[in-house]
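One structure is given below, encoded as structure tokens.
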Amino acid sequence: MNNLSITNVSKTYSNGVRALKNVSLEISAGMFGLLGPNGAGKSSLMRTIATLQEPDGGSVKLGELDVLTQKQEVRKMLGYLPQEFGVYPKISAEVLLDHLAVLKGLTNAGERREVVKALLHKTNLYEARKKNLGGYSGGMKQRFGIAQALLANPKLIIVDEPTAGLDPAERNRFHNVLCEVGENAIVILSTHIVEDVKELCTQMAIINKGEVLLTGSPQEAIKEVQGKIYRKIIYKSELDAYKKEHEVISERLLQGKPVIHIYSEGDPGQGFEPVEAELSDVYFSRIFGDR
Ligand SMILES: Nc1ncnc2c1ncn2[C@@H]1O[C@H](COP(=O)(O)OP(=O)(O)OP(=O)(O)O)[C@@H](O)[C@H]1O
């Protein structure tokens with residue numbers, strides 16, 4: 001299958017915000033995680049790939065197709081679940097999906113019925129197909145969003161922050177659906193949730209302030225910091241002092257007590273203990289560390 005090649009894409013909005021600075025990424029089939037904090041530029045990049053906005057410079061290619069100029073061709077191969085996915089509340093999932101299928105060009109009624117049915121099954125919404133979308137939970141709405149994104153068998157699927165606000169069970173269900181989809185398409189999952197990338201993605205990039213800070217597999221990324229992450233339970237009042245002396249990459253609470261993780265090339269002493277590095281350590285060391 002064709003790769004998605006993003007080369008030197010830049011975007012400055014009219015208010016002067018530089019949302020993307022020379023972003024280059026090579027993305028092949030499977031699940032790709034685009035990880036970054038709020039405001040990193042993820043949605044700007046996703047909208048650009050989804051043919052919804054123009055960059056100031058750079059190129060985006062899907063195989064031979066030029067995403068920036070051959071928009072109609074790309075849209076035929078694209079499934080997009082935007083960050084804010086609105087649904088018509090007074091219509092059932094089955095009816096809306098059928099309607100969206102017509103818009104996607106599935107005009108043969110028999111064929112369309114089969115496609116709609118298969119997608120409702122795939123997204124675990126078949127039982128609730130007659131229910132109005134207004135009565136759906138957040139997770140069900142997101143799964144409906146995936147169902148509509150999958151109409152017409154897309155080769156490129158973009159999901160923008162899909163699990164924000166979902167409870168753990170709904171998030172799991174959503175993950176399972178996505179995983180299946182990722183078997184024969186490029187799926188780009190844009191998120192600020194490290195766990196989503198850890199659980200689902202074989203390749204990833206970390207983006208912050210419009211710049212790509214890291215690309216590779218989550219395992220490779222973890223390997224890079226393995227043996228360099230230390231932790232210590234501290235008193236809240238000591239935090240500033242530790243920050244001055246060490247590269248503190250995260251502060252969390254463990255049973256109500258502050259725990260800091262630091263990045264250190266060698267043993268920092270002072271009661272710090274080494275920990276098995278996790279993807280969150282990679283993420284925080286890139287976003288908040290000096291690296
Ligand atoms: N249409 C716009 N006009 C002006 N500035 C914008 C516009 N869209 C986004 N921005 C700014 O560009 C930067 C990147 O925003 P973007 O939405 O791409 O980031 P994000 O990583 O998706 O963050 P979030 O998770 O908060 O949506 C932010 O500073 C944002 O305020």
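We name chains A, B, ... following the order of the structure tokens; residues begin at 1 in each chain, and ligands are numbered from 1 as shown.
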
Original post:
Got a sec to check which residues lie within 10 Å of ligand 1, using only C-alpha atoms and all ligand atoms, and send them as a PyMOL selection string?
Top reply: chain A and resi 11-20+34-48+53+83-84+160-161+164+190-192+207-210

Subject >> Filtered DSSP result for segment 152-183 of chain A, state helix (DSSP H, G or I), as a count of residues only >> reply: 14

Given only C-alpha atoms, how would the per-residue table for segment 184-284 of chain A near segment 144-157 of chain A read, listing every residue at most 8 Å away with its closest atom pair and distance in Å to one decimal, sorted by chain and number, as a tab-separated table?
residue	atom	partner	partner_atom	distance
A:Asn184	CA	A:Lys155	CA	7.5
A:Ala185	CA	A:Lys155	CA	4.7
A:Ile186	CA	A:Leu156	CA	4.8
A:Val187	CA	A:Ile157	CA	4.7
A:Ile188	CA	A:Ile157	CA	6.2

Original post:
Neighbours of Lys71 of chain A within 12 Å (only C-alpha atoms; same-chain residues fewer than 2 positions away dropped), as a list in words?
Top reply: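 Once the nearby chain positions are removed, what remains is Thr48, Ile49, Ala50, Thr51, Leu52, Gln53, Glu54, Val60, Lys61, Leu62, Leu65, Asp66, Val67, Leu68, Thr69, Glu73, Val74, Arg75, Lys76, Met77 and Leu78 of chain A.
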
**OP:** Could you tell me which of A:Ile193, A:Leu279, A:Cys201, A:Val181 comes closest to Thr163 of chain A if we count only C-alpha atoms?
**Re:**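 For Thr163 of chain A, the nearest of the given residues is A:Ile193.
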
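Restricting the calculation to only C-alpha atoms, the smallest distance between Ala277 of chain A and any of A:Gly139, A:Pro89, A:Pro218, A:Gly182 is found for A:Pro218.
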
Original post:
What gap, in Å, lies between atom CA of Ala241 of chain A and atom CA of Val282 of chain A?
Top reply: 22.8 Å

Subject >> Residue among A:Ala101, A:Gly63, A:Gly110, A:Met204 lying closest to Gln219 of chain A, counting only C-alpha atoms >> reply: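 Ranking A:Ala101, A:Gly63, A:Gly110, A:Met204 by distance to Gln219 of chain A, first place goes to A:Met204.
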